[in-house]
Structure formats: structure tokens, C-alpha cells
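Notes to accompany the following structure.
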There are 2 protein chains.
Amino acid sequence: MTALASRILRGDLRAASRLIRDVDDGRASAVPELQALFPHTGRATVLGITGAPGAGKSSLVDLLVTHYRALGKTIGVVAVDPTSPFSGGALLGDRIRMQGHASDEGVFIRSLATRGNLGGLSRAAADAVRVMDAMGKDLVIVETVGVGQDEIDIAGLAHCVVVVVVPGMGDDIQAIKAGILEVADIFDVNKADREGADRTVRDLRAMLELRHAANDRLPVDPKPQWEPPIVKTVAVGGKGTTGVSDLTQAIERQLAFLDSSGGRAVREAHRSRTEFLAILRERLLASALRRLEHEKGRLDDVAGRIARHEVDPWSIADELARGIAT
Amino acid sequence: MTALASRILRGDLRAASRLIRDVDDGRASAVPELQALFPHTGRATVLGITGAPGAGKSSLVDLLVTHYRALGKTIGVVAVDPTSPFSGGALLGDRIRMQGHASDEGVFIRSLATRGNLGGLSRAAADAVRVMDAMGKDLVIVETVGVGQDEIDIAGLAHCVVVVVVPGMGDDIQAIKAGILEVADIFDVNKADREGADRTVRDLRAMLELRHAANDRLPVDPKPQWEPPIVKTVAVGGKGTTGVSDLTQAIERQLAFLDSSGGRAVREAHRSRTEFLAILRERLLASALRRLEHEKGRLDDVAGRIARHEVDPWSIADELARGIAT
């Protein structure tokens, strides 16, 4: 039943790859394996790297892997690519760039492709992180493209979230959705040799101060708050790099703060809550749809009746939900 | 019980505003009102306008409102702003720009602010569209900012989806997430007087051809397919406009195609399916959480036990889902 799990705990890379693929495909067979791994997880530190396409995230991840490998840490990378047949090609270059670590046994890199509705992507990312955690990786880096709800949910997995911004991408600051700002632990202005880098730093600082002002109106939180630092890097595949040690120092400071402030436990609880709710939603829906088909006919027929306004969606949903009411 | 609904059906704008606010706030009291409106909906044509911040969507919406008002149509606009205290200011300018129509009784404009997890925004947008539909609006325009899953879901509400792109926004084409490409009925290259507009058109065309090539490998669909046209506009608040008639003609052609091909019924059924599943998920979760609190303690305590790895999330979710198994 949990053949993959026991092989993964023994360090079998093929079993780990297989389970991550199953998770990405949304296979039900992955669940007992994940359940078997569950007691062996919770040890890895999870680092999130997010930002718009073209921000140089993969180059940064590459440099971070090199940095942490030199410190003797084992590393997993979960690259989240909401890809499609026609955008796949453009993003593939980044994946290939990271293959410099392909021959290093201490580095395990996997991409996810899931583009499910309602959190399928963030669920798959959470499970892939769990597999790498169970493998015993010290650090798991989750790289996400973009700024949607999925990315915000995925950021919720991480102990430290680095938001990568580049100067001169149009109304770039405005393009950072509020949700991403709120999950950022560190801002990295990458490609900082470009014109406008200082303006981007100033804009970010101004935005953080505005947030401060907004928070000041809320009831006072007695705990010390983390102030997201803004670091500048130049990290573009093979073109020479600067500032990466500023970034890694910022990460170390943030993780130390998280430990000392008790924030790590708070994040773990929040992450568990989010994940549990996502699993619960999925299980409930699967059960309810089985009951729907049994009692009211195929989902498509029910949808057709709703589309023709013969029944309203709330009434049917209520009947099905009544089954689990206390 | 459904006092708002009967007032809305009599054309009461304050009742409509109130119900949309209730929907946006996620109030349970909105549901019976929506149920009462349900038989009176399904007549409006829904037009989706989406794209990155700064693409000039609000200016386009403004021009489309002027165009359709001149044809005697009544119009609703649902402006979806995933805003926060500190980004609110930047986006507010667009809202104000549209207030040129504020004194026109045939135009009803409302903004949504919901930033819920897992589809709260798209649910609120669907319900706001429904209210405007019940009010008897001929056309409801839904304007969304960005390219996340919420926006893709909201696009699913529309009979025609216009994706607005601007030249020269960095790796702009790559920045259009695959999901948005797949829901686009029309591409509008706005600010087409900017350098790089022709390149953007060429890139979009190349991408559509790639999609074609990918689709050709799928089993043949005997129905004629809509080919998303690419139009160019210059529509920036108050700076003079060109190309808007190209856009409105493209919209009319697409809507005519939708009717003649039977696609409208397909979209309605798909929209009903998506909406029903979203409502079902929400109802099931609410019921299950009540049962959870009853049997296992507060959600936060359960999350804490999961975070400490005392229980795994799948086991608890399964127990709760078993209540509705057939």
C-alpha cells in the first residue's frame, strides 16, 4: 500500500519522483503514501521565491542552491510552472539552467505542471514539499511564477518568502498584487544594474511605510514585528552576479527572527489549517458528487437544469450538505 | 425574507447596491435574495474585460459603455478590484474616470473588494452579475485586474472575453498566463500607438498558431471553432481614441458566432456547473466545520494537532466526509 513511502524514507529518488508525479496528476493513490510519510515530516525549512515571469527567479534559486550546498545542506527545489503546451517552451529554459546541479546528489529538483481549479496547484506544491521534507532535505525551495491566489497560497507553505521584483517593468510596483506584498518577508530587487532600480527600491519602501501606517491603526500587537528588508541583486543566468550574499544574510536573519519570536510555530499552525481545509473541501466534494450522481443524475445534467433555470444551485447544494449537518 | 429581491425586480438601485454589498461581504442573508432573483436571470449578455494593471481596461470599458448606451442598451459594470488599503489609492483613479456615466440611469457601476480564499472573488462577481441581470440590464461588463485563477474563473462568467494587452511591458506575452490565453475570445492590443505594438500583435498571432498546432493533435471537433481576432486600440483616459469600433465589431461578430454555433448554451451550462460546484463546496465546508467543532474541538486546535503531527489531515477529513457518503 505504501510501498513508495518506505522507499522514499530510505532515500530512493525514483520513488520520490514517482510520488511527486502522482501528486501532480492528482492521483488518489498518492494519499496513503503521503499519510505514511506524514509522521516523518516537519523538519525541513521551506523557502519561497516568487515574482513575475522574467524576474530572474530561477537564476536566484540556482545561486541559492550553490550557496547552501557549500554549507553542506541538502536541498529540494519545487518549481511550480502553471504551464501549457504553448508556454511550456518559454519557461523550459529556466529549468534547464538549473540542471547544473543535476549531478549533485544533495539536490533534488522537480517541476509541477498542475493547473487545477481551486487550489489544485497549491495542494500539489504542498505535497511535493512534504515528500522532499520526508526525504530529509534540510531546505526546500519553492519557486513560483506570477502573483495569483495560487502563488499566495503556495507562499503560505514557506518559512521565508522572497518576492523578486525587477526595475522598469512598466507600472511594476502597482503590478504586485496586494496579497503578495502581505506575504513577503524579503524583497529582492533583481537585475539591479538596470535603470530605475533605485526608484523601485524607493517605491517598495514607500509602500511598506504605507502598510505600516495602516497597521498602526490596528490594535497593538505586543510581539515584535519583522520588517521586510529590501535587497538588491544582479542574478541573471551566467552574466555575473552581485548581492547574493546580501540576500542570503537577509534570509538567515529572517529565519532566526522566526525562531526567536515563536513565529515558526504560528506559521506551521496556519499552514496546517489551510492544508486541512483544502483536503477537507476536496474530500467533501468528492463524497457529495457521488451522492449527487446517485440521487439526482449526472453532474452535467444537473448543471443543464440549473442553466435552464429549472432549479437553483443553492437548493441542491443545501440538500447535499444536509447529510453532514450535526 | 426576500425584500431586496422584490425591490430589485422593481428597479430599485439602492436595493441592488445593498445586495451586491452583502454578496461582496459574503453575508448569508444574500442567498435567499439571490434564490428569489434566480428565475429572473439569464437574459443579460456578459462581457469580460481582463488584463494586467495599467493596460487601460477602465478606459476601454468607459468607451464601450458610451458605445452601447448610444445603441440604447442598458448596462451594468462589475469592477473587480482585489484591493488593499495600500493599493486602493492607485486603482481608485480608474473608478473615478468611469463616473462620467454616474448621472446616466441606464448605467449601473459597482466595484467589488472581496479578497477571500478559494474563489470568494469569483463567487461575488458571479452574484453581482446575477443581480444586474435580474435588474434587466442588457449588457453586463465585468472588468478584472490581473491574470490569476480568480480572473480565469470570472472570465468563465462571460459570453465574450476580451484580453487587453499593451506593448512594451517587459516580457509581456510570456506574462499572460496560459489560462487567460485559453479563455480569450478577442485580444485587444491597447495603447497601440506605443513602440512595439506590431511586435505584440505578431507574438500573439504566433502564440495562437502554436495553440492551433497543439489542438490539431487532439481528436477532431466537428464544430466550427472561433478564431480569436487581434484588434488594436488607443484608449487611454481623455487622450483621444482610435480602434474602438474595430473592438465593438469583433465583439458583435463573436456574440453572433456564439449564438449561431450553439456555443452560448454550452457556456451557460459550463458556467452553471462551475457555480454549482463552488456553492456546493462552500455549503459542504460550512456543514463539516460545524460538525468538526461539535466532535473534535475548535478548528484552530485541530490545526495545532496537525501541525504537531499528532494526527494527519486526511484522516480527519475522511471521517467528516463519510457523513455524506452514499
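Letters for chains follow the order of the C-alpha cells (A, B, ...), residue numbers begin at 1 for each chain, and ligand numbers begin at 1 in the order shown.
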For Leu19 of chain B, list every protein, DNA or RNA residue within 9 Å, evaluated using only C-alpha atoms, and leave out those in the same chain fewer than 5 positions away; present the list as a PDB file with C-alpha atoms, in the first residue's frame.
```pdb
ATOM      1  CA  LEU B   4     -34.352  43.205  -1.502  1.00  0.00           C
ATOM      2  CA  ALA B   5     -35.134  40.856  -4.405  1.00  0.00           C
ATOM      3  CA  ILE B   8     -34.522  44.930  -7.257  1.00  0.00           C
ATOM      4  CA  ARG B  14     -30.414  51.145  -3.632  1.00  0.00           C
ATOM      5  CA  ASP B  24     -19.230  41.137  -1.517  1.00  0.00           C
ATOM      6  CA  ALA B  30     -27.775  37.374   0.454  1.00  0.00           C
ATOM      7  CA  GLU B  33     -32.392  37.058  -2.147  1.00  0.00           C
ATOM      8  CA  LEU B  34     -30.279  35.524  -4.907  1.00  0.00           C
ATOM      9  CA  ALA B 128     -23.103  40.700  -8.724  1.00  0.00           C
ATOM     10  CA  VAL B 131     -28.133  40.987  -9.599  1.00  0.00           C
TER      11      VAL B 131
END
```
Of the residues B:Thr45, B:Gln35, B:Asp198, B:Trp226, which is the one nearest to chain A, using only C-alpha atoms?
B:Gln35
Under the rule that only C-alpha atoms are counted, which of A:Lys73, A:His67, A:Arg18, A:Arg123 is the nearest residue to Ala278 of chain A?
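Smallest separation from Ala278 of chain A among the options: A:Arg123.
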Please provide the set of residues having any atom within 6 Å of Val140 of chain B, restricted to only C-alpha atoms, with same-chain residues fewer than 4 positions apart removed, written as a PyMOL selection string.
chain B and resi 46+75-77
For the residues selected in the previous step, produce a file with C-alpha atoms as a tab-separated table (two decimals), in the first residue's frame.
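Writing the result to again.tsv gives the following:
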```tsv
chain	number	residue	atom	x	y	z
B	46	VAL	CA	-21.95	39.24	-20.14
B	75	ILE	CA	-25.55	48.43	-18.94
B	76	GLY	CA	-24.14	47.09	-15.70
B	77	VAL	CA	-20.45	47.23	-14.86
```
Grab the atom CA of Ile109 of chain B to atom CA of Ala265 of chain B distance for me, in Å with one decimal place.
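The value is 26.8 Å.
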At a cut-off of 12 Å, using only C-alpha atoms, what residues contact Gly263 of chain B? Leave out same-chain residues fewer than 6 positions from it and give the result as a ChimeraX atom specification.
/B:158-160,223-226,254-257,269-270
What is the atom CA of Leu285 of chain B to atom CA of Arg110 of chain B distance in Å?
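Interatomic distance, atom CA of Leu285 of chain B to atom CA of Arg110 of chain B: 28.9 Å.
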